[in-house]
2 protein chains.
Amino acid sequence: MVGKEIPDIIVGRLPIYLRALRHMREDGQQTTSSQELGKQVGISAAQIRKDLSQFGEFGKQGTGYLISYLIDKLCEILKVDRVWDVAVVGAGDMGHALTRYQGFFNRGFRITMIFDNNPDLLGKKIGDLTIQSTDALVSALKAGKVSLAMLTVPATAAQKITDLLVEAGVKAILNYAPISLNVPEGVIVQYIDPSTHLQRMTYYL
Amino acid sequence: MVGKEIPDIIVGRLPIYLRALRHMREDGQQTTSSQELGKQVGISAAQIRKDLSQFGEFGKQGTGYLISYLIDKLCEILKVDRVWDVAVVGAGDMGHALTRYQGFFNRGFRITMIFDNNPDLLGKKIGDLTIQSTDALVSALKAGKVSLAMLTVPATAAQKITDLLVEAGVKAILNYAPISLNVPEGVIVQYIDPSTHLQRMTYYL
DNA sequence: TAGATTGTTAATCGATTAACAATC
DNA sequence: TAGATTGTTAATCGATTAACAATC
């Protein structure tokens with residue numbers, strides 16, 4: 001295979017597979033099949049095999065996939081065979097919750113900075129981290145070579161902060177503010193907005 | 001058009017359009033075009049027109065869409081022309097953050113109950129709401145006819161709580177626990193897992 | 001060996017885009 | 001009227017599924 005572009009929809013499923021495989025491993029399981037994994041995550045066995053085949057041959061006919069091996073391979077593919085530093089901007093309830101969340105580290109992430117523009121919060125601590133002024137954001141991120149950020153500021157501030165993140169060299173933003181962001185080519189944004197998720201479901205009720 | 005099934009991928013874009021239209025209205029804007037809206041949300045104008053045309057004719061040649069009218073129509077379609085009661089299960093940092101979040105109400109949702117199984121938390125208040133025992137979950141949800149829930153418990157407890165939610169008649173679950181849930185036909189799940197979102201982005205870095 | 005399951009191909013299905021007549 | 005923009009059709013593009021030879 002010569003570096004043909006992988007569709008993003010496939011990339012988006014890999015973390016789901018990885019998560020399920022980790023759960024299987026925690027349960028002491030050693031091997032699985034595309035059928036079993038598919039049933040677990042609600043995706044057809046054929047699709048899982050097709051998705052994985054984009055990246056190599058990870059299974060064995062007759063026996064399926066060695067869970068630990070497939071986990072390693074997926075971590076490599078997703079580049080989470082290392083730990084990424086992540087900055088949080090916005091130290092409200094959501095930023096607070098994310099910063100204290102213990103689940104990031106063994107998924108490949110570590111929150112190393114938190115920022116807010118509220119003077120009352122500056123210098124306060126969340127866990128080991130001290131809340132810094134957004135005035136320091138660009139220089140601190142550049143110095144720390146941070147390329148991932150989570151954005152938990154109000155919608156009204158989100159675009160302005162985004163522009164700072166871009167200026168600071170951030171390449172991927174997980175946006176919790178309920179607004180679409182404009183970013184230049186080469187910067188990726190993913191959106192988490194519980195209201196849009198809920199609205200997508202109420203349609204069916 | 002005779003009730004032909006709308007693809008879920010289209011349903012999923014409607015809340016995005018709705019959110020952008022509301023921002024436009026807040027800015028005092030009265031009309032928009034598929035081109036302008038598309039630029040705002042990063043979707044082609046043709047696709048927006050095609051999506052909307054599944055539900056009716058909401059625009060005018062030459063002038064585009066009346067924002068307030070289109071908002072009303074999208075709210076009707078998504079069934080958020082009313083306010084839905086939502087239960088939160090899990091009163092950790094994330095459940096806390098969601099319960100205190102002010103942004104739900106004008107998107108069509110209102111958190112009316114919060115549950116946790118930690119005895120130390122029972123009876124404590126988050127805003128106006130008192131944390132209830134998960135033992136009371138099924139009866140309280142049935143009594144309140146709640147059909148939406150947000151799940152913010154640890155992954156280890158998520159499936160067990162999901163079974164209770166299903167038993168209580170919940171039809172849509174927004175799952176913050178990092179695990180795939182099994183639900184019967186007729187129950188919808190949406191997933192929010194920041195780690196999977198981040199992993200989807202690190203692939204490209 | 002016999003049964004199971006992969007990786008892959010071809011067929012099907014679905015989604016997006018381009019183009020344009022209709023019309024405000 | 002002239003310019004703009006819709007709703008819709010046909011063409012294109014992409015994703016999913018079914019099927020099966022290969023092989024553990």
# chains A, B, ... in the order shown; residues from 1 in each chain; ligands from 1
$ select_by_dssp --residues "segment 26-144 of chain B" --states "alpha helix (DSSP H)" --output "PyMOL selection string"
chain B and resi 26+34-41+45-53+67-77+93-100+137-144
$ interface_residues --of "chain D" --to "chain B" --cutoff "10 Å" --atoms "only C-alpha atoms (C1' of nucleotides)" --output "list of chain:residue names"
D:DG3, D:DA4, D:DT5, D:DT6, D:DG7, D:DT8
$ write_last_selection --atoms "N, CA and C atoms (P, O5', C5', C4', C3', O3' and C1' of nucleotides)" --output "mmCIF file, in the first residue's frame"
data_model
loop_
_atom_site.group_PDB
_atom_site.id
_atom_site.type_symbol
_atom_site.label_atom_id
_atom_site.label_comp_id
_atom_site.auth_asym_id
_atom_site.auth_seq_id
_atom_site.Cartn_x
_atom_site.Cartn_y
_atom_site.Cartn_z
ATOM 1 P P DG D 3 -27.149 42.080 -14.088
ATOM 2 O "O5'" DG D 3 -27.342 41.545 -12.598
ATOM 3 C "C5'" DG D 3 -27.604 42.474 -11.546
ATOM 4 C "C4'" DG D 3 -27.862 41.692 -10.279
ATOM 5 C "C3'" DG D 3 -26.887 40.546 -10.048
ATOM 6 O "O3'" DG D 3 -26.483 40.573 -8.701
ATOM 7 C "C1'" DG D 3 -29.106 39.724 -10.029
ATOM 8 P P DA D 4 -25.568 39.408 -8.065
ATOM 9 O "O5'" DA D 4 -26.606 38.599 -7.187
ATOM 10 C "C5'" DA D 4 -27.547 39.308 -6.373
ATOM 11 C "C4'" DA D 4 -28.452 38.297 -5.704
ATOM 12 C "C3'" DA D 4 -27.715 37.063 -5.153
ATOM 13 O "O3'" DA D 4 -28.162 36.844 -3.838
ATOM 14 C "C1'" DA D 4 -29.451 36.383 -6.624
ATOM 15 P P DT D 5 -27.452 35.803 -2.879
ATOM 16 O "O5'" DT D 5 -28.470 34.591 -2.948
ATOM 17 C "C5'" DT D 5 -29.808 34.773 -2.498
ATOM 18 C "C4'" DT D 5 -30.588 33.550 -2.883
ATOM 19 C "C3'" DT D 5 -29.897 32.220 -2.550
ATOM 20 O "O3'" DT D 5 -30.764 31.427 -1.796
ATOM 21 C "C1'" DT D 5 -30.746 32.195 -4.719
ATOM 22 P P DT D 6 -30.333 30.098 -1.058
ATOM 23 O "O5'" DT D 6 -31.651 29.240 -1.272
ATOM 24 C "C5'" DT D 6 -32.917 29.842 -1.015
ATOM 25 C "C4'" DT D 6 -33.943 29.298 -1.994
ATOM 26 C "C3'" DT D 6 -34.159 27.789 -1.864
ATOM 27 O "O3'" DT D 6 -35.479 27.540 -1.389
ATOM 28 C "C1'" DT D 6 -33.786 28.452 -4.162
ATOM 29 P P DG D 7 -35.781 26.179 -0.626
ATOM 30 O "O5'" DG D 7 -36.033 25.206 -1.846
ATOM 31 C "C5'" DG D 7 -37.235 25.325 -2.596
ATOM 32 C "C4'" DG D 7 -37.193 24.343 -3.746
ATOM 33 C "C3'" DG D 7 -37.083 22.867 -3.341
ATOM 34 O "O3'" DG D 7 -37.962 22.145 -4.191
ATOM 35 C "C1'" DG D 7 -35.296 23.439 -4.782
ATOM 36 P P DT D 8 -38.081 20.571 -4.154
ATOM 37 O "O5'" DT D 8 -37.173 20.181 -5.394
ATOM 38 C "C5'" DT D 8 -37.541 20.632 -6.692
ATOM 39 C "C4'" DT D 8 -36.628 19.979 -7.700
ATOM 40 C "C3'" DT D 8 -36.404 18.486 -7.486
ATOM 41 O "O3'" DT D 8 -36.396 17.855 -8.748
ATOM 42 C "C1'" DT D 8 -34.345 19.577 -7.565
#
$ closest_residue --among "B:Thr99, B:Ser139, B:Gln54, B:Gln47" --to "chain A" --atoms "only C-alpha atoms"
B:Thr99
$ interface_residues --of "chain B" --to "chain A" --cutoff "6 Å" --atoms "only C-alpha atoms" --output "NGL selection string"
:B and (12 or 15 or 41 or 78-79 or 93-94 or 97 or 180 or 196 or 200 or 203)
$ write_last_selection --atoms "N, CA, C and O atoms" --output "compact mmCIF listing (two decimals), in the first residue's frame"
# COMPACT_ATOMS: atom_id res chain seq x y z
N GLY B 12 -28.42 14.66 11.92
CA GLY B 12 -27.29 15.11 12.73
C GLY B 12 -26.78 16.50 12.37
O GLY B 12 -26.17 17.17 13.20
N PRO B 15 -29.11 20.16 13.96
CA PRO B 15 -28.79 20.94 15.16
C PRO B 15 -27.63 21.92 14.94
O PRO B 15 -27.59 22.98 15.57
N VAL B 41 -20.74 27.08 8.89
CA VAL B 41 -20.65 25.78 9.56
C VAL B 41 -19.72 24.80 8.85
O VAL B 41 -19.54 23.67 9.30
N LEU B 78 -36.95 18.98 14.93
CA LEU B 78 -36.12 18.31 15.94
C LEU B 78 -36.88 18.09 17.25
O LEU B 78 -36.32 17.56 18.22
N LYS B 79 -38.11 18.55 17.28
CA LYS B 79 -38.97 18.43 18.46
C LYS B 79 -38.42 19.18 19.67
O LYS B 79 -38.62 18.76 20.82
N ASP B 93 -17.55 15.19 38.90
CA ASP B 93 -17.25 16.49 38.31
C ASP B 93 -18.06 16.74 37.05
O ASP B 93 -18.57 17.84 36.83
N MET B 94 -18.15 15.72 36.20
CA MET B 94 -18.82 15.92 34.92
C MET B 94 -20.33 16.09 35.11
O MET B 94 -20.94 16.99 34.53
N ALA B 97 -20.87 19.50 36.44
CA ALA B 97 -20.71 20.53 35.42
C ALA B 97 -21.95 20.61 34.52
O ALA B 97 -22.45 21.69 34.22
N SER B 180 -18.78 1.36 25.10
CA SER B 180 -19.95 1.15 24.24
C SER B 180 -21.06 0.49 25.04
O SER B 180 -20.81 -0.45 25.78
N THR B 196 -11.56 9.75 22.68
CA THR B 196 -11.71 9.27 21.30
C THR B 196 -11.66 10.44 20.32
O THR B 196 -11.08 10.32 19.24
N ARG B 200 -8.81 10.81 17.41
CA ARG B 200 -9.15 11.00 16.00
C ARG B 200 -8.34 12.13 15.39
O ARG B 200 -8.07 12.14 14.20
N TYR B 203 -4.18 11.38 14.96
CA TYR B 203 -3.84 10.65 13.74
C TYR B 203 -3.24 11.58 12.69
O TYR B 203 -2.32 11.19 11.96
$ atom_distance --atom1 "atom CA of Val138 of chain B" --atom2 "atom CA of Leu165 of chain B"
6.8 Å
$ residues_around --residues "segment 15-18 of chain D" --least-positions-apart "5" --cutoff "9 Å" --atoms "only C-alpha atoms (C1' of nucleotides)" --output "NGL selection string"
(:A and (44 or 46-47)) or (:C and (11-15))
$ select_by_dssp --residues "chain A" --states "strand (DSSP E)" --output "PyMOL selection string"
chain A and resi 31-32+59-60+64-66+84-89+109-116+125-126+129-133+148-151+172-175+188-191
$ atom_distance --atom1 "atom CA of Val83 of chain B" --atom2 "atom CA of Val166 of chain B"
21.1 Å
$ residues_around --residues "segment 132-135 of chain B" --least-positions-apart "6" --cutoff "7 Å" --atoms "only C-alpha atoms (C1' of nucleotides)" --output "list in words"
Ile114, Phe115, Asp116, Asn117, Leu122 and Gly123 of chain B
